[in-house]
$ cat start00.txt   # compact mmCIF, C-alpha atoms
# COMPACT_ATOMS: atom_id res chain seq x y z
CA MET B 617 -111.59 -34.57 99.78
CA PHE B 618 -109.56 -32.06 101.79
CA ASP B 619 -109.15 -28.52 100.60
CA ILE B 620 -105.43 -28.18 101.31
CA GLY B 621 -103.47 -25.57 99.41
CA PHE B 622 -99.74 -25.21 98.86
CA TRP B 623 -99.06 -23.12 101.97
CA GLU B 624 -100.97 -25.49 104.28
CA LEU B 625 -99.02 -28.45 102.91
CA PHE B 626 -95.74 -26.54 103.30
CA LEU B 627 -96.60 -25.75 106.92
CA ILE B 628 -97.39 -29.42 107.67
CA LEU B 629 -94.04 -30.52 106.15
CA ILE B 630 -92.10 -27.97 108.26
CA LEU B 631 -93.90 -29.14 111.44
CA ALA B 632 -93.24 -32.81 110.56
CA LEU B 633 -89.55 -32.03 110.00
CA LEU B 634 -89.32 -30.35 113.40
CA VAL B 635 -91.27 -33.06 115.29
CA VAL B 636 -89.91 -36.21 113.62
CA GLY B 637 -86.48 -35.03 112.65
CA PRO B 638 -84.59 -35.19 109.37
CA GLU B 639 -83.40 -38.81 109.86
CA ARG B 640 -86.83 -40.41 110.38
CA LEU B 641 -88.87 -38.10 108.12
CA PRO B 642 -88.58 -40.18 104.88
CA LYS B 643 -89.68 -43.37 106.67
CA ALA B 644 -92.55 -41.55 108.40
CA ALA B 645 -93.65 -40.02 105.08
CA ARG B 646 -93.70 -43.48 103.43
CA THR B 647 -95.70 -44.94 106.31
CA ALA B 648 -98.17 -42.05 106.24
CA GLY B 649 -98.51 -42.44 102.45
CA LEU B 650 -99.23 -46.16 102.81
CA TRP B 651 -101.89 -45.49 105.44
CA PHE B 652 -103.50 -42.74 103.36
CA GLY B 653 -103.55 -45.08 100.33
CA LYS B 654 -105.20 -47.85 102.35
CA ALA B 655 -107.76 -45.45 103.74
CA ARG B 656 -108.56 -44.09 100.28
CA ARG B 657 -108.98 -47.62 98.83
CA TYR B 658 -111.23 -48.54 101.75
CA VAL B 659 -113.39 -45.44 101.25
CA GLU B 660 -113.64 -46.10 97.50
CA GLY B 661 -114.67 -49.71 98.19
CA VAL B 662 -117.38 -48.58 100.58
CA LYS B 663 -118.61 -45.99 98.07
CA GLU B 664 -118.85 -48.63 95.31
CA GLU B 665 -120.65 -51.03 97.62
CA VAL B 666 -123.17 -48.40 98.69
CA ALA B 667 -123.67 -47.32 95.08
CA SER B 668 -124.33 -50.90 94.00
CA GLU B 669 -126.75 -51.45 96.88
CA PHE B 670 -128.73 -48.32 96.10
CA ASP B 671 -128.56 -48.49 92.33
CA VAL B 672 -131.74 -46.64 91.40
CA GLY B 673 -131.62 -47.75 87.79
CA GLU B 674 -131.57 -51.39 88.78
CA LEU B 675 -134.49 -50.89 91.16
CA LYS B 676 -136.50 -49.11 88.46
CA ARG B 677 -135.74 -51.94 86.03
CA MET B 678 -136.91 -54.54 88.56
CA VAL B 679 -140.14 -52.63 89.25
CA HIS B 680 -140.79 -52.28 85.52
CA ASN B 681 -140.26 -56.01 84.97
CA GLN B 682 -142.68 -56.80 87.79
CA GLU B 683 -145.30 -54.45 86.30
CA VAL B 684 -144.96 -56.13 82.90
CA GLN B 685 -145.40 -59.56 84.48
CA ILE B 686 -148.45 -58.38 86.43
CA ASN B 687 -150.02 -56.92 83.27
CA GLU B 688 -149.42 -60.19 81.40
CA LEU B 689 -151.02 -62.18 84.20
CA GLN B 690 -154.01 -59.82 84.31
CA GLY B 691 -154.47 -60.22 80.55
CA LYS B 692 -154.33 -64.01 80.79
CA LEU B 693 -156.74 -63.96 83.70
CA SER B 694 -159.24 -61.78 81.84
CA GLU B 695 -158.96 -64.04 78.77
CA THR B 696 -159.64 -67.07 80.94
CA VAL B 697 -162.63 -65.42 82.58
CA SER B 698 -164.09 -64.37 79.21
CA LEU B 699 -163.58 -67.89 77.82
CA ASP B 700 -165.25 -69.32 80.91
CA GLU B 701 -168.23 -67.01 80.44
CA GLN B 702 -168.52 -67.96 76.78
CA GLN B 703 -168.37 -71.66 77.48
CA GLN B 704 -170.86 -71.62 80.28
CA GLU B 705 -173.86 -73.56 79.15
CA PRO B 706 -176.60 -75.04 81.20
CA ALA B 707 -175.17 -78.07 82.85
CA GLY B 708 -177.04 -80.97 81.46
CA PRO B 709 -176.23 -84.58 80.76
CA ASP B 710 -174.50 -85.55 77.53
CA TYR B 711 -176.79 -88.51 77.14
CA GLU B 712 -180.42 -88.97 76.26
CA ILE B 713 -182.82 -90.97 78.35
CA ILE B 714 -184.65 -93.59 76.36
CA GLU B 715 -188.12 -94.35 77.43
CA GLN B 716 -189.68 -97.74 76.97
CA ASP B 717 -191.86 -96.60 74.06
CA GLN B 718 -189.00 -95.26 71.92
CA ASP B 719 -187.02 -97.26 69.47
CA ILE B 720 -183.26 -97.33 70.12
CA GLU B 721 -182.39 -96.80 66.45
CA SER B 722 -184.39 -93.58 66.19
CA VAL B 723 -182.56 -92.20 69.22
CA ASP B 724 -179.18 -93.05 67.64
CA GLU B 725 -180.13 -91.19 64.46
CA LYS B 726 -181.16 -88.12 66.46
CA SER B 727 -177.90 -88.07 68.38
CA GLU B 728 -175.86 -88.38 65.16
CA LYS B 729 -177.74 -85.47 63.58
CA SER B 730 -177.21 -83.31 66.65
CA ARG B 731 -173.45 -83.95 66.55
CA ASP B 732 -173.19 -82.69 62.98

$ encode --input "start00.txt" --output "structure tokens"
Amino acid sequence: MFDIGFWELFLILILALLVVGPERLPKAARTAGLWFGKARRYVEGVKEEVASEFDVGELKRMVHNQEVQINELQGKLSETVSLDEQQQEPAGPDYEIIEQDQDIESVDEKSEKSRD
């Protein structure tokens, strides 16, 4: 995080000893350590939260799953359309009109033969 070497740290300790004094220096060092620890934990928490929000792998996985679902739906749709085209026959009645001259029994025989 900070690029602090030995001599910089030694200089900061000497200045703290002169400013705070030898009696209050241990308590001030503990307090500063606690605050630095809290700040570091807070920064790590924010980093983890940002990383989880912008997880590229998870986004790629979600996009891939959506593409697979779209491809499946397109396949089902094309199957349905092809089945519809195959089943399209001229729309006509499923019954036969009997005219007055025809015998009902002969019509029944014709319809049975056409079903086979």

$ atom_distance --input "start00.txt" --atom1 "atom CA of Leu633 of chain B" --atom2 "atom CA of Asp619 of chain B"
22.0 Å

$ residues_near_point --input "start00.txt" --point "(-92.7, -34.1, 105.3)" --cutoff "7 Å" --atoms "all atoms listed in the file" --output "PyMOL selection string"
chain B and resi 629-630+632-633+641+645

$ atom_distance --input "start00.txt" --atom1 "atom CA of Leu631 of chain B" --atom2 "atom CA of Phe652 of chain B"
18.5 Å

$ atom_distance --input "start00.txt" --atom1 "atom CA of Ala648 of chain B" --atom2 "atom CA of Leu625 of chain B"
14.0 Å

$ build_atoms --input "start00.txt" --residues "segment 623-659 of chain B" --atoms "N, CA and C atoms" --output "PDB file, keeping the file's coordinate frame"
ATOM      1  N   TRP B 623     -99.636 -23.641 100.731  1.00  0.00           N
ATOM      2  CA  TRP B 623     -99.060 -23.120 101.970  1.00  0.00           C
ATOM      3  C   TRP B 623     -99.429 -23.993 103.172  1.00  0.00           C
ATOM      4  N   GLU B 624    -100.618 -24.586 103.183  1.00  0.00           N
ATOM      5  CA  GLU B 624    -100.970 -25.490 104.280  1.00  0.00           C
ATOM      6  C   GLU B 624    -100.095 -26.736 104.253  1.00  0.00           C
ATOM      7  N   LEU B 625     -99.872 -27.267 103.042  1.00  0.00           N
ATOM      8  CA  LEU B 625     -99.020 -28.450 102.910  1.00  0.00           C
ATOM      9  C   LEU B 625     -97.577 -28.128 103.302  1.00  0.00           C
ATOM     10  N   PHE B 626     -97.096 -26.955 102.936  1.00  0.00           N
ATOM     11  CA  PHE B 626     -95.740 -26.540 103.300  1.00  0.00           C
ATOM     12  C   PHE B 626     -95.600 -26.414 104.819  1.00  0.00           C
ATOM     13  N   LEU B 627     -96.618 -25.881 105.467  1.00  0.00           N
ATOM     14  CA  LEU B 627     -96.600 -25.750 106.920  1.00  0.00           C
ATOM     15  C   LEU B 627     -96.584 -27.127 107.598  1.00  0.00           C
ATOM     16  N   ILE B 628     -97.366 -28.057 107.087  1.00  0.00           N
ATOM     17  CA  ILE B 628     -97.390 -29.420 107.670  1.00  0.00           C
ATOM     18  C   ILE B 628     -96.036 -30.084 107.504  1.00  0.00           C
ATOM     19  N   LEU B 629     -95.367 -29.921 106.363  1.00  0.00           N
ATOM     20  CA  LEU B 629     -94.040 -30.520 106.150  1.00  0.00           C
ATOM     21  C   LEU B 629     -92.996 -29.924 107.099  1.00  0.00           C
ATOM     22  N   ILE B 630     -93.050 -28.621 107.329  1.00  0.00           N
ATOM     23  CA  ILE B 630     -92.100 -27.970 108.260  1.00  0.00           C
ATOM     24  C   ILE B 630     -92.321 -28.489 109.682  1.00  0.00           C
ATOM     25  N   LEU B 631     -93.604 -28.619 110.099  1.00  0.00           N
ATOM     26  CA  LEU B 631     -93.900 -29.140 111.440  1.00  0.00           C
ATOM     27  C   LEU B 631     -93.447 -30.595 111.571  1.00  0.00           C
ATOM     28  N   ALA B 632     -93.668 -31.401 110.524  1.00  0.00           N
ATOM     29  CA  ALA B 632     -93.240 -32.810 110.560  1.00  0.00           C
ATOM     30  C   ALA B 632     -91.726 -32.894 110.646  1.00  0.00           C
ATOM     31  N   LEU B 633     -91.015 -32.034 109.947  1.00  0.00           N
ATOM     32  CA  LEU B 633     -89.550 -32.030 110.000  1.00  0.00           C
ATOM     33  C   LEU B 633     -89.063 -31.677 111.394  1.00  0.00           C
ATOM     34  N   LEU B 634     -89.720 -30.739 112.050  1.00  0.00           N
ATOM     35  CA  LEU B 634     -89.320 -30.350 113.400  1.00  0.00           C
ATOM     36  C   LEU B 634     -89.660 -31.435 114.423  1.00  0.00           C
ATOM     37  N   VAL B 635     -90.836 -32.067 114.295  1.00  0.00           N
ATOM     38  CA  VAL B 635     -91.270 -33.060 115.290  1.00  0.00           C
ATOM     39  C   VAL B 635     -90.540 -34.380 115.097  1.00  0.00           C
ATOM     40  N   VAL B 636     -90.477 -34.875 113.868  1.00  0.00           N
ATOM     41  CA  VAL B 636     -89.910 -36.210 113.620  1.00  0.00           C
ATOM     42  C   VAL B 636     -88.401 -36.141 113.482  1.00  0.00           C
ATOM     43  N   GLY B 637     -87.924 -35.149 112.844  1.00  0.00           N
ATOM     44  CA  GLY B 637     -86.480 -35.030 112.650  1.00  0.00           C
ATOM     45  C   GLY B 637     -86.128 -35.435 111.223  1.00  0.00           C
ATOM     46  N   PRO B 638     -84.978 -34.932 110.762  1.00  0.00           N
ATOM     47  CA  PRO B 638     -84.590 -35.190 109.370  1.00  0.00           C
ATOM     48  C   PRO B 638     -84.249 -36.665 109.086  1.00  0.00           C
ATOM     49  N   GLU B 639     -83.805 -37.428 110.108  1.00  0.00           N
ATOM     50  CA  GLU B 639     -83.400 -38.810 109.860  1.00  0.00           C
ATOM     51  C   GLU B 639     -84.620 -39.719 109.643  1.00  0.00           C
ATOM     52  N   ARG B 640     -85.661 -39.515 110.446  1.00  0.00           N
ATOM     53  CA  ARG B 640     -86.830 -40.410 110.380  1.00  0.00           C
ATOM     54  C   ARG B 640     -87.954 -39.860 109.495  1.00  0.00           C
ATOM     55  N   LEU B 641     -87.806 -38.695 108.934  1.00  0.00           N
ATOM     56  CA  LEU B 641     -88.870 -38.100 108.120  1.00  0.00           C
ATOM     57  C   LEU B 641     -89.185 -38.903 106.861  1.00  0.00           C
ATOM     58  N   PRO B 642     -88.220 -39.402 106.080  1.00  0.00           N
ATOM     59  CA  PRO B 642     -88.580 -40.180 104.880  1.00  0.00           C
ATOM     60  C   PRO B 642     -89.378 -41.451 105.217  1.00  0.00           C
ATOM     61  N   LYS B 643     -88.967 -42.150 106.289  1.00  0.00           N
ATOM     62  CA  LYS B 643     -89.680 -43.370 106.670  1.00  0.00           C
ATOM     63  C   LYS B 643     -91.092 -43.028 107.165  1.00  0.00           C
ATOM     64  N   ALA B 644     -91.239 -41.957 107.909  1.00  0.00           N
ATOM     65  CA  ALA B 644     -92.550 -41.550 108.400  1.00  0.00           C
ATOM     66  C   ALA B 644     -93.448 -41.111 107.239  1.00  0.00           C
ATOM     67  N   ALA B 645     -92.871 -40.447 106.244  1.00  0.00           N
ATOM     68  CA  ALA B 645     -93.650 -40.020 105.080  1.00  0.00           C
ATOM     69  C   ALA B 645     -94.147 -41.228 104.292  1.00  0.00           C
ATOM     70  N   ARG B 646     -93.279 -42.250 104.121  1.00  0.00           N
ATOM     71  CA  ARG B 646     -93.700 -43.480 103.430  1.00  0.00           C
ATOM     72  C   ARG B 646     -94.825 -44.180 104.182  1.00  0.00           C
ATOM     73  N   THR B 647     -94.672 -44.291 105.496  1.00  0.00           N
ATOM     74  CA  THR B 647     -95.700 -44.940 106.310  1.00  0.00           C
ATOM     75  C   THR B 647     -97.019 -44.180 106.235  1.00  0.00           C
ATOM     76  N   ALA B 648     -96.952 -42.859 106.333  1.00  0.00           N
ATOM     77  CA  ALA B 648     -98.170 -42.050 106.240  1.00  0.00           C
ATOM     78  C   ALA B 648     -98.802 -42.205 104.859  1.00  0.00           C
ATOM     79  N   GLY B 649     -97.977 -42.245 103.804  1.00  0.00           N
ATOM     80  CA  GLY B 649     -98.510 -42.440 102.450  1.00  0.00           C
ATOM     81  C   GLY B 649     -99.205 -43.785 102.290  1.00  0.00           C
ATOM     82  N   LEU B 650     -98.619 -44.826 102.872  1.00  0.00           N
ATOM     83  CA  LEU B 650     -99.230 -46.160 102.810  1.00  0.00           C
ATOM     84  C   LEU B 650    -100.597 -46.154 103.518  1.00  0.00           C
ATOM     85  N   TRP B 651    -100.632 -45.528 104.693  1.00  0.00           N
ATOM     86  CA  TRP B 651    -101.890 -45.490 105.440  1.00  0.00           C
ATOM     87  C   TRP B 651    -102.960 -44.670 104.711  1.00  0.00           C
ATOM     88  N   PHE B 652    -102.545 -43.533 104.120  1.00  0.00           N
ATOM     89  CA  PHE B 652    -103.500 -42.740 103.360  1.00  0.00           C
ATOM     90  C   PHE B 652    -104.016 -43.505 102.138  1.00  0.00           C
ATOM     91  N   GLY B 653    -103.142 -44.258 101.480  1.00  0.00           N
ATOM     92  CA  GLY B 653    -103.550 -45.080 100.330  1.00  0.00           C
ATOM     93  C   GLY B 653    -104.545 -46.154 100.741  1.00  0.00           C
ATOM     94  N   LYS B 654    -104.265 -46.823 101.864  1.00  0.00           N
ATOM     95  CA  LYS B 654    -105.200 -47.850 102.350  1.00  0.00           C
ATOM     96  C   LYS B 654    -106.549 -47.256 102.707  1.00  0.00           C
ATOM     97  N   ALA B 655    -106.504 -46.096 103.360  1.00  0.00           N
ATOM     98  CA  ALA B 655    -107.760 -45.450 103.740  1.00  0.00           C
ATOM     99  C   ALA B 655    -108.554 -45.038 102.502  1.00  0.00           C
ATOM    100  N   ARG B 656    -107.864 -44.517 101.502  1.00  0.00           N
ATOM    101  CA  ARG B 656    -108.560 -44.090 100.280  1.00  0.00           C
ATOM    102  C   ARG B 656    -109.174 -45.297  99.555  1.00  0.00           C
ATOM    103  N   ARG B 657    -108.437 -46.415  99.464  1.00  0.00           N
ATOM    104  CA  ARG B 657    -108.980 -47.620  98.830  1.00  0.00           C
ATOM    105  C   ARG B 657    -110.191 -48.148  99.606  1.00  0.00           C
ATOM    106  N   TYR B 658    -110.111 -48.087 100.932  1.00  0.00           N
ATOM    107  CA  TYR B 658    -111.230 -48.540 101.750  1.00  0.00           C
ATOM    108  C   TYR B 658    -112.472 -47.683 101.511  1.00  0.00           C
ATOM    109  N   VAL B 659    -112.269 -46.359 101.478  1.00  0.00           N
ATOM    110  CA  VAL B 659    -113.390 -45.440 101.250  1.00  0.00           C
ATOM    111  C   VAL B 659    -113.984 -45.658  99.862  1.00  0.00           C
TER     112      VAL B 659
END
